[in-house]
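The block underneath contains the structure these notes are about, expressed in structure tokens.
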Amino acid sequence: MMRNVVKCAMLDARTIRSYLKNMVFMLGLGVVLSLVMKSPTLVMTYMVVILMMVSTYPFAVSESNQMAPLYGSLPMKRWHLVAGRYLYALVMGILATAFSMVMMPLVTRLIVSPDAGDGTPFALLLLGLFLLVCALQYPIFFGLDYTKSKTFGMLPALVVFLGITLLPGLNKTLHLVDTHSLLSGDGAGGLWGLLLGFAAAVLVFYALSAYISFRLYNRRDL
Amino acid sequence: MDIIISNLAGVPIYQQIKEQVKAAIIAGTVQEGEMLPSVRQLARDLQVSVITTTRAYSDLEQEGFVVNMQGKGCFVKPPDADFIREQTLKEMEGNFLSAIQAGRLIALGDDDIRGMLDILLKEEENG
Amino acid sequence: MDNILSVQGLSKHFKGFSLTDVSFSLPKGYIMGFIGPNGAGKTTTIKLMLNMLRRDAGSVSMLGMDSVVRETDIKQRLGVVMDQAFYVGEWRLTDVEKALKPFYTKWSGDTYANLLKRFDLDKAKKVKDLSRGMKMKLMIAAALSHQAELLILDEPTSGLDAVVRDELMDILLDFISDENKGVLFSTHITADLEKIADYITFISGGRVLMSDLKDDLMEKYLDVRGGLGTLNAEQRNALIGYKEHSVGFEGLVEKEKLALLPKDVVVQPCTLDELVIRFNLEGKKHDA
């Protein structure tokens, strides 16, 4: 049964395979840009943007190819599909993060910029943010068809991030965590503790989102 | 044995199959004890439904020409002359009755009907 | 006789259309044609069977199992073909296998390869580059490659020429030579079914009008035509889908009611098309 979830994630990967070339190309573009702009962190931020696009590819491709009957005829249950897609997004995120964590030091070495350091905390933070955005987006995409989700998909994420930036208290805490110390990785153990807490919160949120998506998707006529 | 059906004949397909198999048996084209094609094989070859071929074969069994053995197939029976005669007489009776009923619908009398029978018999002799 | 498929009291309400109390059964070893005008509810019924739509009422049993409780077990042994290919257009035929194979315990790569060869499909080609007929054959190849016992086809032949349709008939008859298998075939091209269907379920306006052996249905109704003014009111009412035009009338009549009609009408066997047309007409009369 759990294996079916993995199979669904693989199906999603195969579904978007021809578009993966796009993603790799754009990641490469990101590396080039960061070299040009002399900013290693650009690789990472670029990566997150690409990830956010890629995370909705399965919805887009399956709708434009009218694959609903395929999902309807394969021996799987709806929750396999939902969980599989969340797994797909997670794996995509990890792969892209790993890629940029390799690229960043390379770029840094090439530019010899003051922003040295392995930047792992920053990468993981960005991964967490990506998963958060996914968790906010996916329920919309699972609940509505793709044409509607395209318009409204970013809404929850926008609301959350607007909220974060507007809330005064939260803003102050975030300012304490400045990019420099994140990149240099020489922050105190407290920084790592914060990150770990953040990671746990993200995973909980991710799982909760999966449950909500399942409930929404299960009620739909396809 | 050849079976050639016509979709436009107006005669139900199961009947066409039945008649042709019967004719083949009587003519000796198929020997007694020989196995006929399975209902599904026949359906596939003639591009008709399985129910149609099944019906043809079960009618043939009822009329004493073949025996259907579960799991084995459909085999030609040695001709039982009396049984065949009885079945054929029954069939003729049924046909005659239909003809008479049809004639009554257009208000034919006994003489009209007998007259028609005579004409047809004469035609058959000559032609 | 075991039923390979049994639908009981299936209902689904949409804004402009309702499927009401749809019931029919198909015994093992036979082909059922699912006919009716466009929009009658054929695709809706099939989607309900596949749990693509949520039902309001009713139950579906396939291969002796409940379609909700044992959904995945059923689908291991189920083959589905739709009127449009439901694969990614960019996939090559080999990619299709790579995508499907992991899900099926009984997938046979040899069978798939042989079927592609038999259907003259180049496995290096992409799905989007296949013609309509080839796409249909691709779906069949996939459906037959995991030892499916029940085939469900929803309008597989719309837009296809007679040659491809004939090929499909051969494939289905071949499939059904195993008496443990079954086929449900929905279509509005009834010519194909007239030949090979064992059972017919006729659906219209979201309701099952009749579900019977095809041979029985074709014998039960007769096509009647005649001159204007031949029939009195009672006789006109006995006809189904009575229609007058400038040089005569047409309609269907139940065999038993033939005696009611005058003797100078032209009577001939009815086709499935006539059945659909006349009953549709009759239905409209009652709606009006």
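Ordering of the structure tokens sets the chain letters (A, B, ...), residue numbers begin anew at 1 in every chain, and ligands are numbered from 1 in the order given.
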Hey, what does DSSP flag as alpha helix (DSSP H) within range 6-117 of chain B? Can you give it to me as an MDAnalysis selection string? chainID B and resid 13:27 39:46 50:62 81:105 110:117
Determine which residues of chain C sit within 10 Å of chain B, taking into account only C-alpha atoms, and present them as JSON, numbers by chain. {"C": [29, 30, 31, 32, 166, 169, 170, 171, 172, 173, 174, 175, 176, 177, 178, 179, 192, 193, 194, 195, 196, 197, 198, 199, 213, 214, 215, 218, 219, 259, 262, 263, 264, 268, 269]}
Convert the current residue selection to file output with N, CA and C atoms, as an mmCIF file, in the first residue's frame.
data_model
loop_
_atom_site.group_PDB
_atom_site.id
_atom_site.type_symbol
_atom_site.label_atom_id
_atom_site.label_comp_id
_atom_site.auth_asym_id
_atom_site.auth_seq_id
_atom_site.Cartn_x
_atom_site.Cartn_y
_atom_site.Cartn_z
ATOM 1 N N GLY C 29 -18.505 -13.987 -19.744
ATOM 2 C CA GLY C 29 -18.353 -14.617 -21.045
ATOM 3 C C GLY C 29 -19.080 -13.926 -22.171
ATOM 4 N N TYR C 30 -19.626 -12.765 -21.904
ATOM 5 C CA TYR C 30 -20.429 -12.116 -22.935
ATOM 6 C C TYR C 30 -20.085 -10.646 -23.127
ATOM 7 N N ILE C 31 -20.603 -10.124 -24.224
ATOM 8 C CA ILE C 31 -20.375 -8.714 -24.561
ATOM 9 C C ILE C 31 -21.685 -7.955 -24.392
ATOM 10 N N MET C 32 -21.626 -6.873 -23.650
ATOM 11 C CA MET C 32 -22.814 -6.040 -23.513
ATOM 12 C C MET C 32 -22.600 -4.720 -24.222
ATOM 13 N N ASP C 166 -13.723 -2.625 -37.517
ATOM 14 C CA ASP C 166 -13.759 -4.056 -37.762
ATOM 15 C C ASP C 166 -12.639 -4.750 -36.992
ATOM 16 N N MET C 169 -13.649 -5.184 -33.471
ATOM 17 C CA MET C 169 -14.595 -6.289 -33.300
ATOM 18 C C MET C 169 -13.847 -7.609 -33.175
ATOM 19 N N ASP C 170 -12.842 -7.774 -34.042
ATOM 20 C CA ASP C 170 -12.048 -9.004 -33.995
ATOM 21 C C ASP C 170 -11.351 -9.145 -32.655
ATOM 22 N N ILE C 171 -10.775 -8.040 -32.196
ATOM 23 C CA ILE C 171 -10.056 -8.069 -30.920
ATOM 24 C C ILE C 171 -10.995 -8.460 -29.789
ATOM 25 N N LEU C 172 -12.189 -7.868 -29.782
ATOM 26 C CA LEU C 172 -13.124 -8.154 -28.703
ATOM 27 C C LEU C 172 -13.626 -9.592 -28.766
ATOM 28 N N LEU C 173 -13.898 -10.079 -29.969
ATOM 29 C CA LEU C 173 -14.358 -11.462 -30.096
ATOM 30 C C LEU C 173 -13.259 -12.431 -29.656
ATOM 31 N N ASP C 174 -12.033 -12.083 -29.983
ATOM 32 C CA ASP C 174 -10.890 -12.869 -29.537
ATOM 33 C C ASP C 174 -10.830 -12.891 -28.013
ATOM 34 N N PHE C 175 -11.014 -11.714 -27.434
ATOM 35 C CA PHE C 175 -10.955 -11.558 -25.982
ATOM 36 C C PHE C 175 -12.012 -12.424 -25.320
ATOM 37 N N ILE C 176 -13.200 -12.442 -25.909
ATOM 38 C CA ILE C 176 -14.326 -13.122 -25.288
ATOM 39 C C ILE C 176 -14.327 -14.618 -25.557
ATOM 40 N N SER C 177 -13.331 -15.109 -26.305
ATOM 41 C CA SER C 177 -13.294 -16.549 -26.533
ATOM 42 C C SER C 177 -12.938 -17.254 -25.228
ATOM 43 N N ASP C 178 -12.439 -16.497 -24.259
ATOM 44 C CA ASP C 178 -12.311 -17.013 -22.894
ATOM 45 C C ASP C 178 -13.620 -16.718 -22.182
ATOM 46 N N GLU C 179 -14.325 -17.776 -21.793
ATOM 47 C CA GLU C 179 -15.677 -17.556 -21.280
ATOM 48 C C GLU C 179 -15.708 -16.987 -19.871
ATOM 49 N N ASP C 192 -21.748 -1.758 -35.085
ATOM 50 C CA ASP C 192 -20.783 -2.717 -34.539
ATOM 51 C C ASP C 192 -21.454 -3.682 -33.577
ATOM 52 N N LEU C 193 -22.331 -3.154 -32.753
ATOM 53 C CA LEU C 193 -22.951 -3.993 -31.732
ATOM 54 C C LEU C 193 -23.941 -4.966 -32.309
ATOM 55 N N GLU C 194 -24.577 -4.554 -33.399
ATOM 56 C CA GLU C 194 -25.588 -5.431 -33.976
ATOM 57 C C GLU C 194 -25.023 -6.779 -34.316
ATOM 58 N N LYS C 195 -23.733 -6.779 -34.626
ATOM 59 C CA LYS C 195 -23.114 -8.037 -34.975
ATOM 60 C C LYS C 195 -22.733 -8.850 -33.753
ATOM 61 N N ILE C 196 -21.979 -8.210 -32.853
ATOM 62 C CA ILE C 196 -21.310 -9.047 -31.846
ATOM 63 C C ILE C 196 -21.842 -8.945 -30.425
ATOM 64 N N ALA C 197 -22.731 -8.004 -30.141
ATOM 65 C CA ALA C 197 -23.178 -7.888 -28.757
ATOM 66 C C ALA C 197 -24.114 -9.032 -28.390
ATOM 67 N N ASP C 198 -23.931 -9.570 -27.189
ATOM 68 C CA ASP C 198 -24.839 -10.589 -26.689
ATOM 69 C C ASP C 198 -26.001 -9.941 -25.945
ATOM 70 N N TYR C 199 -25.671 -8.908 -25.181
ATOM 71 C CA TYR C 199 -26.667 -8.188 -24.403
ATOM 72 C C TYR C 199 -26.669 -6.722 -24.803
ATOM 73 N N LEU C 213 -31.226 -9.542 -23.732
ATOM 74 C CA LEU C 213 -30.459 -10.208 -24.776
ATOM 75 C C LEU C 213 -30.715 -9.471 -26.078
ATOM 76 N N LYS C 214 -29.661 -9.237 -26.835
ATOM 77 C CA LYS C 214 -29.805 -8.498 -28.085
ATOM 78 C C LYS C 214 -30.770 -9.196 -29.029
ATOM 79 N N ASP C 215 -30.627 -10.512 -29.162
ATOM 80 C CA ASP C 215 -31.497 -11.249 -30.073
ATOM 81 C C ASP C 215 -32.962 -11.083 -29.676
ATOM 82 N N MET C 218 -34.194 -7.551 -30.602
ATOM 83 C CA MET C 218 -34.399 -7.352 -32.030
ATOM 84 C C MET C 218 -35.653 -8.075 -32.511
ATOM 85 N N GLU C 219 -36.042 -9.112 -31.799
ATOM 86 C CA GLU C 219 -37.260 -9.805 -32.205
ATOM 87 C C GLU C 219 -38.500 -9.192 -31.585
ATOM 88 N N ALA C 259 -50.982 -7.269 -34.350
ATOM 89 C CA ALA C 259 -52.330 -7.638 -34.777
ATOM 90 C C ALA C 259 -53.292 -6.451 -34.752
ATOM 91 N N PRO C 262 -53.564 -2.269 -39.096
ATOM 92 C CA PRO C 262 -54.130 -2.693 -40.371
ATOM 93 C C PRO C 262 -53.128 -3.513 -41.169
ATOM 94 N N LYS C 263 -53.672 -4.285 -42.129
ATOM 95 C CA LYS C 263 -52.813 -5.239 -42.818
ATOM 96 C C LYS C 263 -51.923 -4.626 -43.871
ATOM 97 N N ASP C 264 -52.226 -3.382 -44.266
ATOM 98 C CA ASP C 264 -51.444 -2.845 -45.371
ATOM 99 C C ASP C 264 -50.244 -2.003 -44.926
ATOM 100 N N GLN C 268 -40.930 -4.675 -41.013
ATOM 101 C CA GLN C 268 -39.602 -5.272 -41.197
ATOM 102 C C GLN C 268 -38.870 -5.307 -39.848
ATOM 103 N N PRO C 269 -37.838 -6.125 -39.782
ATOM 104 C CA PRO C 269 -37.089 -6.189 -38.523
ATOM 105 C C PRO C 269 -36.502 -4.824 -38.206
#
Do me a favour and pick out the residues of chain C within 10 Å of chain A, using only C-alpha atoms, as a PyMOL selection string. chain C and resi 47-55+68+70-82+84-91+95-96+98-105+128+143+152
Suppose we keep N, CA and C atoms; can you now write the selection as a tab-separated table (two decimals), in the first residue's frame?
chain	number	residue	atom	x	y	z
C	47	LYS	N	-18.14	6.28	-15.55
C	47	LYS	CA	-17.31	7.01	-14.59
C	47	LYS	C	-17.71	6.67	-13.16
C	48	LEU	N	-19.00	6.44	-12.95
C	48	LEU	CA	-19.44	6.05	-11.61
C	48	LEU	C	-18.89	4.67	-11.26
C	49	MET	N	-18.87	3.79	-12.24
C	49	MET	CA	-18.33	2.46	-12.00
C	49	MET	C	-16.86	2.53	-11.61
C	50	LEU	N	-16.14	3.49	-12.18
C	50	LEU	CA	-14.71	3.61	-11.91
C	50	LEU	C	-14.42	4.48	-10.69
C	51	ASN	N	-15.47	4.95	-10.04
C	51	ASN	CA	-15.32	5.86	-8.90
C	51	ASN	C	-14.69	7.18	-9.27
C	52	MET	N	-14.81	7.56	-10.52
C	52	MET	CA	-14.33	8.88	-10.92
C	52	MET	C	-15.35	9.94	-10.50
C	53	LEU	N	-16.60	9.50	-10.42
C	53	LEU	CA	-17.64	10.38	-9.91
C	53	LEU	C	-18.16	9.79	-8.61
C	54	ARG	N	-18.64	10.66	-7.73
C	54	ARG	CA	-19.19	10.14	-6.48
C	54	ARG	C	-20.67	9.88	-6.66
C	55	ARG	N	-21.08	8.67	-6.31
C	55	ARG	CA	-22.48	8.32	-6.54
C	55	ARG	C	-23.37	8.87	-5.43
C	68	VAL	N	-16.27	-0.22	-4.56
C	68	VAL	CA	-15.64	0.76	-3.67
C	68	VAL	C	-14.70	0.06	-2.71
C	70	ARG	N	-13.36	-3.00	-2.83
C	70	ARG	CA	-12.23	-3.73	-3.42
C	70	ARG	C	-11.73	-3.04	-4.68
C	71	GLU	N	-11.76	-1.73	-4.66
C	71	GLU	CA	-11.44	-0.94	-5.85
C	71	GLU	C	-10.11	-1.34	-6.49
C	72	THR	N	-9.05	-1.39	-5.72
C	72	THR	CA	-7.75	-1.67	-6.32
C	72	THR	C	-7.65	-3.11	-6.81
C	73	ASP	N	-8.27	-4.04	-6.09
C	73	ASP	CA	-8.23	-5.43	-6.55
C	73	ASP	C	-8.93	-5.57	-7.90
C	74	ILE	N	-10.07	-4.89	-8.02
C	74	ILE	CA	-10.80	-4.95	-9.28
C	74	ILE	C	-9.97	-4.37	-10.41
C	75	LYS	N	-9.37	-3.20	-10.16
C	75	LYS	CA	-8.68	-2.50	-11.23
C	75	LYS	C	-7.43	-3.23	-11.70
C	76	GLN	N	-6.92	-4.15	-10.89
C	76	GLN	CA	-5.81	-4.99	-11.35
C	76	GLN	C	-6.26	-5.85	-12.52
C	77	ARG	N	-7.54	-6.17	-12.53
C	77	ARG	CA	-8.06	-7.09	-13.54
C	77	ARG	C	-9.00	-6.40	-14.50
C	78	LEU	N	-8.92	-5.07	-14.51
C	78	LEU	CA	-9.84	-4.30	-15.34
C	78	LEU	C	-9.08	-3.55	-16.42
C	79	GLY	N	-9.61	-3.56	-17.63
C	79	GLY	CA	-9.01	-2.76	-18.69
C	79	GLY	C	-9.98	-1.68	-19.12
C	80	VAL	N	-9.49	-0.48	-19.29
C	80	VAL	CA	-10.37	0.64	-19.63
C	80	VAL	C	-9.89	1.31	-20.91
C	81	VAL	N	-10.83	1.56	-21.81
C	81	VAL	CA	-10.51	2.29	-23.03
C	81	VAL	C	-11.52	3.42	-23.18
C	82	MET	N	-11.03	4.62	-23.42
C	82	MET	CA	-11.94	5.76	-23.57
C	82	MET	C	-11.87	6.29	-25.00
C	84	GLN	N	-10.78	9.11	-25.86
C	84	GLN	CA	-9.55	9.87	-26.06
C	84	GLN	C	-8.41	9.23	-25.27
C	85	ALA	N	-7.22	9.31	-25.83
C	85	ALA	CA	-6.08	8.74	-25.12
C	85	ALA	C	-5.85	9.51	-23.83
C	86	PHE	N	-5.62	8.77	-22.74
C	86	PHE	CA	-5.43	9.46	-21.48
C	86	PHE	C	-4.00	9.34	-20.97
C	87	TYR	N	-3.10	9.33	-21.92
C	87	TYR	CA	-1.68	9.30	-21.53
C	87	TYR	C	-1.06	10.66	-21.84
C	88	VAL	N	0.14	10.88	-21.31
C	88	VAL	CA	0.85	12.11	-21.60
C	88	VAL	C	1.28	12.09	-23.05
C	89	GLY	N	0.94	13.16	-23.77
C	89	GLY	CA	1.24	13.21	-25.20
C	89	GLY	C	2.72	13.04	-25.51
C	90	GLU	N	3.56	13.50	-24.60
C	90	GLU	CA	5.00	13.44	-24.83
C	90	GLU	C	5.59	12.05	-24.60
C	91	TRP	N	4.83	11.18	-24.00
C	91	TRP	CA	5.32	9.83	-23.76
C	91	TRP	C	5.48	9.06	-25.05
C	95	ASP	N	7.45	4.60	-22.89
C	95	ASP	CA	7.22	5.33	-21.66
C	95	ASP	C	5.87	4.98	-21.06
C	96	VAL	N	4.90	4.72	-21.93
C	96	VAL	CA	3.58	4.32	-21.44
C	96	VAL	C	3.72	3.05	-20.61
C	98	LYS	N	6.41	2.00	-19.11
C	98	LYS	CA	7.16	2.30	-17.88
C	98	LYS	C	6.26	2.92	-16.84
C	99	ALA	N	5.30	3.72	-17.29
C	99	ALA	CA	4.40	4.38	-16.35
C	99	ALA	C	3.39	3.42	-15.76
C	100	LEU	N	2.87	2.49	-16.60
C	100	LEU	CA	1.79	1.62	-16.14
C	100	LEU	C	2.29	0.38	-15.42
C	101	LYS	N	3.38	-0.16	-15.91
C	101	LYS	CA	3.83	-1.47	-15.42
C	101	LYS	C	3.96	-1.58	-13.90
C	102	PRO	N	4.53	-0.57	-13.21
C	102	PRO	CA	4.69	-0.74	-11.76
C	102	PRO	C	3.40	-0.98	-11.00
C	103	PHE	N	2.30	-0.51	-11.57
C	103	PHE	CA	1.04	-0.63	-10.83
C	103	PHE	C	0.40	-2.00	-10.95
C	104	TYR	N	0.75	-2.73	-11.99
C	104	TYR	CA	0.06	-3.99	-12.24
C	104	TYR	C	0.92	-5.18	-11.88
C	105	THR	N	0.34	-6.06	-11.04
C	105	THR	CA	1.09	-7.24	-10.63
C	105	THR	C	1.28	-8.21	-11.79
C	128	LYS	N	1.32	11.62	-28.79
C	128	LYS	CA	0.65	12.73	-29.47
C	128	LYS	C	0.75	12.62	-30.98
C	143	ALA	N	-4.57	-2.19	-22.05
C	143	ALA	CA	-5.62	-2.87	-21.29
C	143	ALA	C	-5.42	-4.38	-21.32
C	152	ILE	N	-13.81	-2.41	-20.20
C	152	ILE	CA	-14.83	-1.38	-20.30
C	152	ILE	C	-14.38	-0.38	-21.36
Shell of 12 Å around Gln20 in chain B, only C-alpha atoms, local chain residues under 4 positions omitted, as a ChimeraX atom specification: /B:1-6,13-16,24-27,29-30,56-57,60
Mind dumping the selected residues with N, CA and C atoms as a compact mmCIF listing (two decimals), in the first residue's frame?
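Below you can see out_23.txt, which holds the result:
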# COMPACT_ATOMS: atom_id res chain seq x y z
N MET B 1 -16.96 -27.90 -43.57
CA MET B 1 -18.31 -27.30 -43.54
C MET B 1 -18.20 -25.79 -43.71
N ASP B 2 -19.01 -25.28 -44.61
CA ASP B 2 -19.03 -23.82 -44.79
C ASP B 2 -20.31 -23.26 -44.19
N ILE B 3 -20.18 -22.15 -43.54
CA ILE B 3 -21.38 -21.45 -43.08
C ILE B 3 -21.29 -20.02 -43.58
N ILE B 4 -22.28 -19.66 -44.37
CA ILE B 4 -22.27 -18.30 -44.92
C ILE B 4 -23.55 -17.62 -44.50
N ILE B 5 -23.41 -16.56 -43.73
CA ILE B 5 -24.62 -15.89 -43.26
C ILE B 5 -24.80 -14.57 -43.97
N SER B 6 -26.04 -14.17 -44.07
CA SER B 6 -26.36 -12.90 -44.69
C SER B 6 -27.01 -12.01 -43.65
N ILE B 13 -30.08 -14.70 -37.65
CA ILE B 13 -28.79 -15.32 -37.91
C ILE B 13 -28.70 -16.70 -37.28
N TYR B 14 -29.23 -16.85 -36.08
CA TYR B 14 -29.12 -18.17 -35.43
C TYR B 14 -29.81 -19.23 -36.28
N GLN B 15 -30.88 -18.79 -36.94
CA GLN B 15 -31.61 -19.73 -37.79
C GLN B 15 -30.81 -20.09 -39.03
N GLN B 16 -30.15 -19.09 -39.61
CA GLN B 16 -29.32 -19.37 -40.78
C GLN B 16 -28.24 -20.38 -40.44
N ALA B 24 -25.55 -29.45 -43.78
CA ALA B 24 -24.23 -30.09 -43.89
C ALA B 24 -24.26 -31.49 -43.29
N ILE B 25 -25.00 -31.65 -42.20
CA ILE B 25 -25.08 -32.97 -41.56
C ILE B 25 -25.82 -33.94 -42.46
N ILE B 26 -26.95 -33.47 -42.99
CA ILE B 26 -27.76 -34.34 -43.83
C ILE B 26 -27.01 -34.71 -45.10
N ALA B 27 -26.27 -33.75 -45.65
CA ALA B 27 -25.53 -34.02 -46.88
C ALA B 27 -24.29 -34.86 -46.62
N THR B 29 -21.51 -33.75 -45.28
CA THR B 29 -20.28 -32.95 -45.27
C THR B 29 -19.58 -33.04 -43.92
N VAL B 30 -20.37 -33.11 -42.86
CA VAL B 30 -19.78 -33.40 -41.55
C VAL B 30 -20.23 -34.80 -41.13
N ALA B 56 -28.11 -21.35 -31.75
CA ALA B 56 -28.16 -22.23 -32.92
C ALA B 56 -27.82 -23.66 -32.51
N TYR B 57 -26.75 -23.79 -31.75
CA TYR B 57 -26.32 -25.13 -31.33
C TYR B 57 -27.34 -25.79 -30.39
N LEU B 60 -30.15 -27.05 -32.41
CA LEU B 60 -29.73 -28.25 -33.13
C LEU B 60 -29.75 -29.46 -32.21
Residues within 12 Å of Glu86 in chain B, only C-alpha atoms, excluding chain neighbours under 6 positions, as an mmCIF file with N, CA and C atoms, in the first residue's frame:
data_model
loop_
_atom_site.group_PDB
_atom_site.id
_atom_site.type_symbol
_atom_site.label_atom_id
_atom_site.label_comp_id
_atom_site.auth_asym_id
_atom_site.auth_seq_id
_atom_site.Cartn_x
_atom_site.Cartn_y
_atom_site.Cartn_z
ATOM 1 N N GLN B 62 -31.697 -29.789 -29.577
ATOM 2 C CA GLN B 62 -33.104 -30.107 -29.338
ATOM 3 C C GLN B 62 -33.713 -30.872 -30.495
ATOM 4 N N GLU B 63 -33.253 -30.553 -31.702
ATOM 5 C CA GLU B 63 -33.809 -31.220 -32.872
ATOM 6 C C GLU B 63 -33.100 -32.521 -33.158
ATOM 7 N N GLY B 64 -32.169 -32.890 -32.292
ATOM 8 C CA GLY B 64 -31.576 -34.219 -32.382
ATOM 9 C C GLY B 64 -30.403 -34.363 -33.330
ATOM 10 N N ASP B 80 -30.728 -39.949 -36.176
ATOM 11 C CA ASP B 80 -31.822 -40.747 -35.650
ATOM 12 C C ASP B 80 -33.022 -40.431 -36.524
ATOM 13 N N MET B 92 -42.820 -28.444 -39.714
ATOM 14 C CA MET B 92 -43.727 -28.180 -40.831
ATOM 15 C C MET B 92 -45.083 -27.723 -40.312
ATOM 16 N N GLU B 93 -45.525 -28.427 -39.263
ATOM 17 C CA GLU B 93 -46.827 -28.078 -38.686
ATOM 18 C C GLU B 93 -46.829 -26.631 -38.253
#
Using only C-alpha atoms, which residues sit within 7 Å of Gly241 in chain C once same-chain residues fewer than 4 positions away are excluded, as a ChimeraX atom specification? /C:251-252,278-279,281-282
What would the file look like if the residues just selected were written as a short mmCIF file (atom, residue, chain, number, x, y, z; two decimals), in the first residue's frame with N, CA and C atoms?
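So selection.cif came out as:
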data_model
loop_
_atom_site.label_atom_id
_atom_site.label_comp_id
_atom_site.auth_asym_id
_atom_site.auth_seq_id
_atom_site.Cartn_x
_atom_site.Cartn_y
_atom_site.Cartn_z
N GLY C 251 -42.73 4.05 -37.43
CA GLY C 251 -42.76 3.83 -35.99
C GLY C 251 -42.33 2.41 -35.66
N LEU C 252 -42.24 2.15 -34.37
CA LEU C 252 -41.93 0.79 -33.93
C LEU C 252 -43.16 0.22 -33.25
N ARG C 278 -36.36 5.77 -32.29
CA ARG C 278 -37.80 5.75 -31.99
C ARG C 278 -38.07 5.97 -30.52
N PHE C 279 -37.27 5.31 -29.67
CA PHE C 279 -37.50 5.49 -28.23
C PHE C 279 -37.15 6.89 -27.79
N LEU C 281 -37.56 9.54 -29.61
CA LEU C 281 -38.70 10.34 -30.06
C LEU C 281 -39.86 10.20 -29.09
N GLU C 282 -40.08 8.96 -28.69
CA GLU C 282 -41.18 8.67 -27.78
C GLU C 282 -40.95 9.38 -26.45
#
Nearby residues (only C-alpha atoms) at most 12 Å from Phe65 in chain B, same-chain spacing under 2 positions excluded, as a PyMOL selection string: chain B and resi 18-19+21-26+30-34+36+56-63+67-68+74-85+87-88
Given the selection you just returned, output its residues as a file containing C-alpha atoms, formatted as a PDB file, in the first residue's frame.
ATOM      1  CA  LYS B  18     -28.865 -23.806 -37.738  1.00  0.00           C
ATOM      2  CA  GLU B  19     -30.170 -24.487 -41.228  1.00  0.00           C
ATOM      3  CA  VAL B  21     -25.302 -26.940 -40.145  1.00  0.00           C
ATOM      4  CA  LYS B  22     -28.339 -29.155 -40.523  1.00  0.00           C
ATOM      5  CA  ALA B  23     -27.908 -29.226 -44.270  1.00  0.00           C
ATOM      6  CA  ALA B  24     -24.229 -30.094 -43.888  1.00  0.00           C
ATOM      7  CA  ILE B  25     -25.078 -32.965 -41.561  1.00  0.00           C
ATOM      8  CA  ILE B  26     -27.762 -34.341 -43.827  1.00  0.00           C
ATOM      9  CA  VAL B  30     -19.782 -33.404 -41.554  1.00  0.00           C
ATOM     10  CA  GLN B  31     -19.554 -36.959 -40.269  1.00  0.00           C
ATOM     11  CA  GLU B  32     -21.167 -38.312 -37.182  1.00  0.00           C
ATOM     12  CA  GLY B  33     -18.944 -37.967 -34.154  1.00  0.00           C
ATOM     13  CA  GLU B  34     -17.208 -34.965 -35.692  1.00  0.00           C
ATOM     14  CA  LEU B  36     -18.219 -28.693 -34.594  1.00  0.00           C
ATOM     15  CA  ALA B  56     -28.163 -22.228 -32.922  1.00  0.00           C
ATOM     16  CA  TYR B  57     -26.324 -25.130 -31.332  1.00  0.00           C
ATOM     17  CA  SER B  58     -28.860 -25.659 -28.574  1.00  0.00           C
ATOM     18  CA  ASP B  59     -31.668 -25.677 -31.125  1.00  0.00           C
ATOM     19  CA  LEU B  60     -29.735 -28.251 -33.130  1.00  0.00           C
ATOM     20  CA  GLU B  61     -29.405 -30.346 -29.998  1.00  0.00           C
ATOM     21  CA  GLN B  62     -33.104 -30.107 -29.338  1.00  0.00           C
ATOM     22  CA  GLU B  63     -33.809 -31.220 -32.872  1.00  0.00           C
ATOM     23  CA  VAL B  67     -25.069 -33.311 -28.699  1.00  0.00           C
ATOM     24  CA  ASN B  68     -23.436 -30.624 -26.543  1.00  0.00           C
ATOM     25  CA  CYS B  74     -20.504 -29.983 -29.784  1.00  0.00           C
ATOM     26  CA  PHE B  75     -20.582 -33.285 -31.654  1.00  0.00           C
ATOM     27  CA  VAL B  76     -22.633 -34.500 -34.583  1.00  0.00           C
ATOM     28  CA  LYS B  77     -25.019 -37.243 -33.612  1.00  0.00           C
ATOM     29  CA  PRO B  78     -25.651 -40.318 -35.675  1.00  0.00           C
ATOM     30  CA  PRO B  79     -28.822 -39.478 -37.554  1.00  0.00           C
ATOM     31  CA  ASP B  80     -31.822 -40.747 -35.650  1.00  0.00           C
ATOM     32  CA  ALA B  81     -34.230 -40.981 -38.517  1.00  0.00           C
ATOM     33  CA  ASP B  82     -37.377 -41.240 -36.435  1.00  0.00           C
ATOM     34  CA  PHE B  83     -36.456 -38.353 -34.196  1.00  0.00           C
ATOM     35  CA  ILE B  84     -35.494 -36.191 -37.141  1.00  0.00           C
ATOM     36  CA  ARG B  85     -38.715 -37.079 -38.904  1.00  0.00           C
ATOM     37  CA  GLN B  87     -38.929 -32.893 -35.400  1.00  0.00           C
ATOM     38  CA  THR B  88     -39.296 -31.998 -39.042  1.00  0.00           C
TER      39      THR B  88
END
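Here CA of Met65 in chain C is placed at a distance of 22.5 Å from CA of Met2 in chain A.
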Residue with smallest distance to Leu95 in chain A - pool A:Met154, A:Leu129, A:Ile111, A:Val48, counting only C-alpha atoms: A:Val48
Those of range 65-101 of chain C in DSSP strand (DSSP E or B), formatted as a PyMOL selection string: chain C and resi 65-66+78-81+92
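For the pair CA of Ser98 in chain B and CA of Asn126 in chain B, the interatomic distance is 25.3 Å.
Using only C-alpha atoms, the smallest distance between any of A:Phe59, A:Met92, A:Phe214, A:Phe99 and Gly153 in chain A comes from A:Phe59.
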